[in-house]
Structure formats: structure tokens, C-alpha cells
$ cat data34.cif   # mmCIF, C-alpha atoms
data_upload
loop_
_atom_site.label_atom_id
_atom_site.label_comp_id
_atom_site.auth_asym_id
_atom_site.auth_seq_id
_atom_site.Cartn_x
_atom_site.Cartn_y
_atom_site.Cartn_z
CA MET A 24 53.63 -51.12 -44.41
CA GLU A 25 56.01 -53.54 -46.12
CA ASN A 26 55.34 -56.41 -43.68
CA ALA A 27 51.97 -55.29 -42.32
CA LEU A 28 48.72 -57.12 -42.89
CA ILE A 29 46.44 -54.80 -44.81
CA ARG A 30 42.75 -54.50 -45.61
CA ARG A 31 40.83 -52.50 -48.15
CA VAL A 32 38.61 -49.59 -47.13
CA TYR A 33 36.11 -48.03 -49.53
CA VAL A 34 36.80 -44.32 -49.04
CA TRP A 35 35.81 -42.31 -52.11
CA GLN A 36 32.33 -43.03 -53.40
CA LEU A 37 31.62 -42.87 -57.13
CA PRO A 38 29.95 -39.40 -56.93
CA VAL A 39 33.05 -38.00 -55.19
CA ARG A 40 35.35 -39.49 -57.81
CA MET A 41 33.18 -38.19 -60.63
CA TYR A 42 33.15 -34.74 -59.04
CA HIS A 43 36.94 -34.79 -58.73
CA TRP A 44 37.61 -35.60 -62.39
CA VAL A 45 34.89 -33.32 -63.81
CA ASN A 46 36.27 -30.55 -61.62
CA ALA A 47 39.85 -31.24 -62.72
CA LEU A 48 38.91 -31.13 -66.41
CA SER A 49 36.79 -28.01 -65.92
CA VAL A 50 39.56 -26.16 -64.10
CA LEU A 51 42.07 -27.17 -66.78
CA LEU A 52 39.83 -25.84 -69.55
CA LEU A 53 38.87 -22.72 -67.62
CA ALA A 54 42.46 -21.84 -66.72
CA SER A 55 43.84 -22.40 -70.22
CA THR A 56 41.04 -20.56 -72.01
CA GLY A 57 40.93 -17.89 -69.30
CA TYR A 58 44.62 -17.17 -69.83
CA LEU A 59 44.04 -16.79 -73.57
CA ILE A 60 41.09 -14.48 -72.96
CA GLY A 61 43.23 -12.32 -70.71
CA HIS A 62 46.30 -12.46 -73.00
CA PRO A 63 45.11 -13.16 -76.55
CA PHE A 64 47.61 -13.52 -79.36
CA ALA A 65 47.21 -12.52 -82.98
CA VAL A 66 46.64 -15.19 -85.61
CA GLN A 67 47.83 -14.12 -89.06
CA SER A 68 45.83 -15.61 -91.90
CA GLY A 69 44.87 -14.75 -95.47
CA THR A 70 41.38 -16.24 -95.23
CA GLU A 71 38.12 -14.53 -94.35
CA ALA A 72 37.58 -13.64 -90.69
CA TYR A 73 34.69 -16.06 -90.27
CA ASN A 74 37.07 -18.93 -91.08
CA ASN A 75 39.28 -18.01 -88.14
CA TYR A 76 36.83 -17.62 -85.31
CA TRP A 77 39.33 -19.11 -82.87
CA PHE A 78 38.85 -16.52 -80.12
CA GLY A 79 35.09 -17.02 -80.20
CA THR A 80 35.71 -20.75 -79.85
CA VAL A 81 37.99 -20.11 -76.87
CA ARG A 82 35.31 -18.02 -75.19
CA PHE A 83 32.64 -20.64 -75.94
CA ILE A 84 34.75 -23.40 -74.35
CA HIS A 85 35.33 -21.14 -71.33
CA PHE A 86 31.62 -20.43 -70.87
CA VAL A 87 30.52 -24.05 -71.29
CA SER A 88 33.23 -25.22 -68.89
CA ALA A 89 32.03 -22.61 -66.40
CA PHE A 90 28.53 -24.11 -66.35
CA PHE A 91 29.92 -27.62 -65.83
CA PHE A 92 32.19 -26.28 -63.10
CA PHE A 93 29.37 -24.48 -61.31
CA PHE A 94 26.81 -27.28 -61.30
CA ASN A 95 29.48 -29.82 -60.40
CA PHE A 96 30.37 -27.57 -57.46
CA LEU A 97 26.72 -27.38 -56.37
CA PHE A 98 26.54 -31.17 -56.48
CA ARG A 99 29.60 -31.44 -54.23
CA LEU A 100 27.99 -29.06 -51.74
CA TYR A 101 24.98 -31.37 -51.64
CA TRP A 102 27.10 -34.52 -51.35
CA GLY A 103 28.84 -33.02 -48.34
CA PHE A 104 25.58 -33.60 -46.45
CA VAL A 105 24.52 -37.01 -47.80
CA GLY A 106 27.82 -38.75 -48.64
CA ASN A 107 29.74 -41.19 -46.47
CA LYS A 108 31.78 -40.10 -43.46
CA PHE A 109 34.82 -39.29 -45.59
CA ALA A 110 32.84 -36.87 -47.79
CA ARG A 111 31.00 -35.01 -45.01
CA TRP A 112 31.58 -31.33 -44.30
CA ARG A 113 32.82 -32.07 -40.78
CA ASN A 114 36.10 -33.22 -42.38
CA PHE A 115 36.68 -29.90 -44.11
CA ILE A 116 36.08 -27.41 -41.31
CA PRO A 117 38.48 -27.83 -38.34
CA HIS A 118 36.46 -27.71 -35.14
CA ARG A 119 38.06 -30.33 -32.88
CA LYS A 120 41.31 -30.23 -30.92
CA GLU A 121 42.62 -33.40 -32.54
CA GLN A 122 42.12 -31.90 -35.99
CA PHE A 123 44.41 -28.97 -35.18
CA ALA A 124 46.96 -31.39 -33.70
CA GLU A 125 46.87 -33.41 -36.92
CA MET A 126 47.35 -30.25 -38.98
CA ASN A 127 50.55 -29.64 -37.03
CA GLU A 128 51.72 -33.20 -37.76
CA VAL A 129 50.98 -32.81 -41.46
CA LEU A 130 53.06 -29.63 -41.58
CA LYS A 131 55.99 -31.58 -40.12
CA VAL A 132 55.68 -34.12 -42.93
CA ASP A 133 54.78 -31.90 -45.88
CA ILE A 134 56.63 -28.66 -45.19
CA LEU A 135 59.41 -29.28 -42.65
CA GLN A 136 59.89 -32.93 -43.67
CA ALA A 137 60.83 -33.58 -40.07
CA LYS A 138 58.80 -36.80 -40.01
CA ILE A 139 58.13 -39.58 -42.48
CA LYS A 140 55.82 -41.63 -40.27
CA PRO A 141 52.53 -42.36 -42.08
CA LEU A 142 49.65 -40.20 -40.88
CA GLU A 143 46.72 -41.90 -39.25
CA SER A 144 44.12 -40.58 -41.70
CA ILE A 145 42.12 -42.67 -44.12
CA GLY A 146 40.22 -39.86 -45.84
CA HIS A 147 41.53 -36.31 -46.07
CA ASN A 148 43.89 -35.33 -43.30
CA SER A 149 42.84 -32.21 -41.37
CA LEU A 150 45.17 -29.83 -43.19
CA ALA A 151 44.07 -31.11 -46.58
CA GLY A 152 40.43 -30.80 -45.57
CA ALA A 153 40.87 -27.20 -44.42
CA THR A 154 42.74 -26.39 -47.64
CA TYR A 155 39.96 -27.89 -49.75
CA PHE A 156 37.45 -25.79 -47.85
CA LEU A 157 39.40 -22.70 -48.91
CA THR A 158 39.29 -23.92 -52.50
CA PHE A 159 35.51 -24.23 -52.22
CA LEU A 160 35.40 -20.55 -51.25
CA ALA A 161 37.61 -19.80 -54.27
CA PHE A 162 35.23 -21.85 -56.44
CA LEU A 163 32.35 -19.71 -55.21
CA PHE A 164 34.25 -16.48 -55.85
CA GLN A 165 35.17 -17.50 -59.40
CA SER A 166 31.60 -18.57 -60.11
CA ILE A 167 29.90 -15.37 -58.99
CA THR A 168 32.48 -13.07 -60.59
CA GLY A 169 32.50 -15.09 -63.83
CA PHE A 170 28.73 -15.19 -64.15
CA GLY A 171 28.55 -11.55 -63.09
CA MET A 172 30.68 -10.56 -66.09
CA TYR A 173 28.86 -12.98 -68.38
CA ALA A 174 25.49 -11.41 -67.49
CA ALA A 175 26.30 -8.39 -69.70
CA MET A 176 26.39 -10.59 -72.83
CA SER A 177 23.86 -13.30 -72.01
CA ASN A 178 20.08 -13.57 -71.84
CA ALA A 179 20.24 -16.67 -69.63
CA THR A 180 18.71 -16.47 -66.17
CA LEU A 181 21.62 -17.93 -64.20
CA PRO A 182 24.25 -15.28 -65.07
CA HIS A 183 21.82 -12.46 -64.29
CA LEU A 184 21.42 -13.81 -60.77
CA PHE A 185 24.99 -12.57 -60.20
CA SER A 186 24.86 -9.29 -62.15
CA TRP A 187 24.98 -7.38 -58.85
CA ILE A 188 28.60 -8.39 -58.28
CA VAL A 189 30.01 -6.10 -61.01
CA PRO A 190 28.79 -2.77 -59.60
CA MET A 191 29.49 -3.93 -56.05
CA MET A 192 33.16 -4.64 -56.86
CA GLY A 193 33.72 -1.39 -58.75
CA GLY A 194 32.97 -2.22 -62.35
CA ASP A 195 33.77 -4.73 -65.05
CA PHE A 196 37.51 -4.01 -65.19
CA ALA A 197 38.01 -4.57 -61.46
CA VAL A 198 36.02 -7.82 -61.54
CA ARG A 199 38.06 -9.07 -64.50
CA GLN A 200 41.29 -8.34 -62.66
CA TRP A 201 40.18 -10.22 -59.54
CA HIS A 202 38.81 -13.09 -61.62
CA HIS A 203 42.07 -13.37 -63.55
CA MET A 204 44.26 -13.20 -60.43
CA MET A 205 42.26 -15.95 -58.77
CA MET A 206 42.99 -18.14 -61.79
CA TRP A 207 46.62 -18.28 -60.62
CA PHE A 208 45.45 -19.59 -57.25
CA PHE A 209 44.03 -22.64 -59.02
CA ILE A 210 47.17 -23.12 -61.11
CA ILE A 211 49.44 -22.99 -58.05
CA PHE A 212 47.06 -25.16 -56.03
CA ALA A 213 46.98 -27.80 -58.80
CA MET A 214 50.79 -27.97 -58.89
CA ILE A 215 51.05 -28.39 -55.11
CA HIS A 216 48.13 -30.83 -55.03
CA ILE A 217 49.66 -33.15 -57.64
CA TYR A 218 53.04 -33.08 -55.89
CA LEU A 219 51.54 -33.91 -52.48
CA VAL A 220 49.39 -36.71 -53.88
CA PHE A 221 52.48 -38.48 -55.21
CA TYR A 222 54.47 -37.63 -52.08
CA HIS A 223 51.86 -39.00 -49.67
CA ASP A 224 51.34 -42.04 -51.86
CA TYR A 225 55.04 -42.77 -51.36
CA VAL A 226 55.13 -41.91 -47.62
CA GLU A 227 51.88 -43.59 -46.57
CA GLY A 228 51.69 -46.39 -49.13
CA ARG A 229 47.90 -46.55 -48.87
CA GLY A 230 47.02 -46.22 -52.55
CA ILE A 231 46.14 -42.52 -52.61
CA ILE A 232 46.57 -42.21 -56.37
CA SER A 233 44.58 -45.31 -57.29
CA SER A 234 41.87 -44.48 -54.74
CA MET A 235 40.58 -41.63 -56.89
CA ALA A 236 40.02 -44.13 -59.70
CA GLY A 237 38.61 -47.10 -57.80
CA GLY A 238 37.67 -45.58 -54.44
CA TRP A 239 39.66 -48.04 -52.29
CA LYS A 240 42.55 -47.37 -49.93
CA PHE A 241 44.73 -49.92 -48.15
CA ILE A 242 45.42 -49.72 -44.42
CA GLU A 243 46.89 -51.87 -41.68
CA LYS A 244 44.37 -54.32 -40.26
CA ASP A 245 44.91 -53.05 -36.70
CA PHE A 246 44.44 -49.41 -37.75
CA HIS A 247 41.39 -47.72 -36.24
CA SER A 248 39.85 -44.98 -38.38
CA LYS A 249 38.58 -41.79 -36.82
#
$ encode --input "data34.cif" --output "C-alpha cells"
Amino acid sequence: MENALIRRVYVWQLPVRMYHWVNALSVLLLASTGYLIGHPFAVQSGTEAYNNYWFGTVRFIHFVSAFFFFFNFLFRLYWGFVGNKFARWRNFIPHRKEQFAEMNEVLKVDILQAKIKPLESIGHNSLAGATYFLTFLAFLFQSITGFGMYAAMSNATLPHLFSWIVPMMGGDFAVRQWHHMMMWFFIIFAMIHIYLVFYHDYVEGRGIISSMAGGWKFIEKDFHSK
């Protein structure tokens, strides 16, 4: 787009941007504290135990982050019905022929690197949308397994709504293993996501990175959005 006339398009509304950054911070805190909970290390100290309640602090941060993560996720589910056309659920579930064709084109750019032509997508491309839908399912899995385990040590109503998941999945140990393994899905996804954001920002030149701060993308004036 070096010599193209461009115009601004308001793509990501403020609620979507807020969801994105709250979710990013929550996942960062959950993954880091979750790893420590699964693989704690010993802290040698000569003071009284109550002065070194670091593991309790780690667990507290994990639990608080989980509540932020869960309610932020519920808000995004709601916004998928009332947000603008770029935030709607129809963008996340492939159901049209052209969406599957676009997924094939994205694979040529992202994986095979057989093409560098900018993709004709203003919001999420079809492959990204389908991938995010899978992450929403992972969000749901982590929420119900996490609250299911938390129900055994909490008097709050919300965790006890998911207490049925522990016996259904074969006990606390099995649920912990699944919950911990799914953590690595988020870590790997975050690494790929950050790489592709920078890559597409370079290939498309439409302001992908800045759009999640201000909401605007830049496209050719003769480009027709879907």
C-alpha cells in the first residue's frame, strides 16, 4: 500500500479492546501462577512461616485472576451478539464457502509463505476467527475445571456450580492434570499469536498492532469490506 490512497475504518470497538487486554493480563497471571502451583519451588528463610506466605499469595493471585478471566469471557460472549459486524459470532464460526476459501489463502501466507499478497480482510480473517473460536472453547474448559477444583476449598456459590466436573472427569488429580496441560495450549497460542500479529502487520500494512489500542485500521479507498 505504499502508493495507495487509504482511509481509516473503525474496526475494534472499545469493549473488544478492553476484553483483549484484560484477557491478555489474566492469561499471563494465570499461566505464570499456575505453573508455580504445579511446580512449586522451596524458599529457604530463617524467619517465621507467616512472614513467607509466598505460595498462598501465588494461589490468591491465581484465583482472583480466574474470576476476572471468567467474567471477562462472559462479557465477550455477550458482545458477540450486540457488537459491530467485526465482533459478531458469524466471523468466528466458518459456515460460508468463501470463508473456507479464505482459510486456504491464509495458510498459503502464514504457513507455506507461498504468497505475500495482502489478504482482503478488515477484521479477523476466517482462519483467525476459527482459531479464536477454539480458544473460546479452551477458555470454557479452563473455567469449569478450575472452578470445579476450587469448589472443594471455597464457600462461594460460583465455584460450586462446577463441582460436578471433578467426579465426572475421574477425580481431582485427573482434573488437575488436564487443567495444567491446557495451560500449555495458551502459552503456545500466545507465542504464535504475537508472531502472526507482527507478521501480518508487516505483510498487510493496515495497522493491525495499533488497531488494538485505538480501534482503527487503514485500508485502500477502493477496497470493499465483506
$ resolve_selection --input "data34.cif" --expression "the PyMOL selection byres ((chain A and resi 232) around 12)" --output "list in words"
Trp35, Arg40, His216, Ile217, Tyr218, Leu219, Val220, Phe221, Tyr222, His223, Asp224, Tyr225, Glu227, Gly228, Arg229, Gly230, Ile231, Ser233, Ser234, Met235, Ala236, Gly237, Gly238, Trp239, Lys240 and Phe241 of chain A
$ residues_around --input "data34.cif" --residues "region 159-169 of chain A" --least-positions-apart "6" --cutoff "8 Å" --atoms "only C-alpha atoms" --output "ChimeraX atom specification"
/A:89,93,96,185,188-189,198-199,202,205
$ closest_residue --input "data34.cif" --among "A:Ala179, A:Met206, A:Ala197, A:Val32" --to "Phe109 (chain A)" --atoms "all atoms listed in the file"
A:Val32
$ atom_distance --input "data34.cif" --atom1 "CA of Ser88 (chain A)" --atom2 "CA of Ser49 (chain A)"
5.4 Å
$ residues_around --input "data34.cif" --residues "Phe208 (chain A)" --least-positions-apart "5" --cutoff "10 Å" --atoms "only C-alpha atoms" --output "ChimeraX atom specification"
/A:158,161,203,213
$ resolve_selection --input "data34.cif" --expression "the PyMOL selection byres ((chain A and resi 144-153) around 7)" --output "PyMOL selection string"
chain A and resi 34+109+114-117+122+125-126+129+142-143+154-157+248
$ resolve_selection --input "data34.cif" --expression "the PyMOL selection byres ((chain A and resi 42) around 8)" --output "list in words"
Pro38, Val39, Arg40, Met41, His43, Trp44, Val45, Asn46, Asn95, Phe96, Phe98 and Arg99 of chain A
$ atom_distance --input "data34.cif" --atom1 "CA of Val132 (chain A)" --atom2 "CA of His118 (chain A)"
21.7 Å
$ atom_distance --input "data34.cif" --atom1 "CA of Ala175 (chain A)" --atom2 "CA of Asp195 (chain A)"
9.5 Å
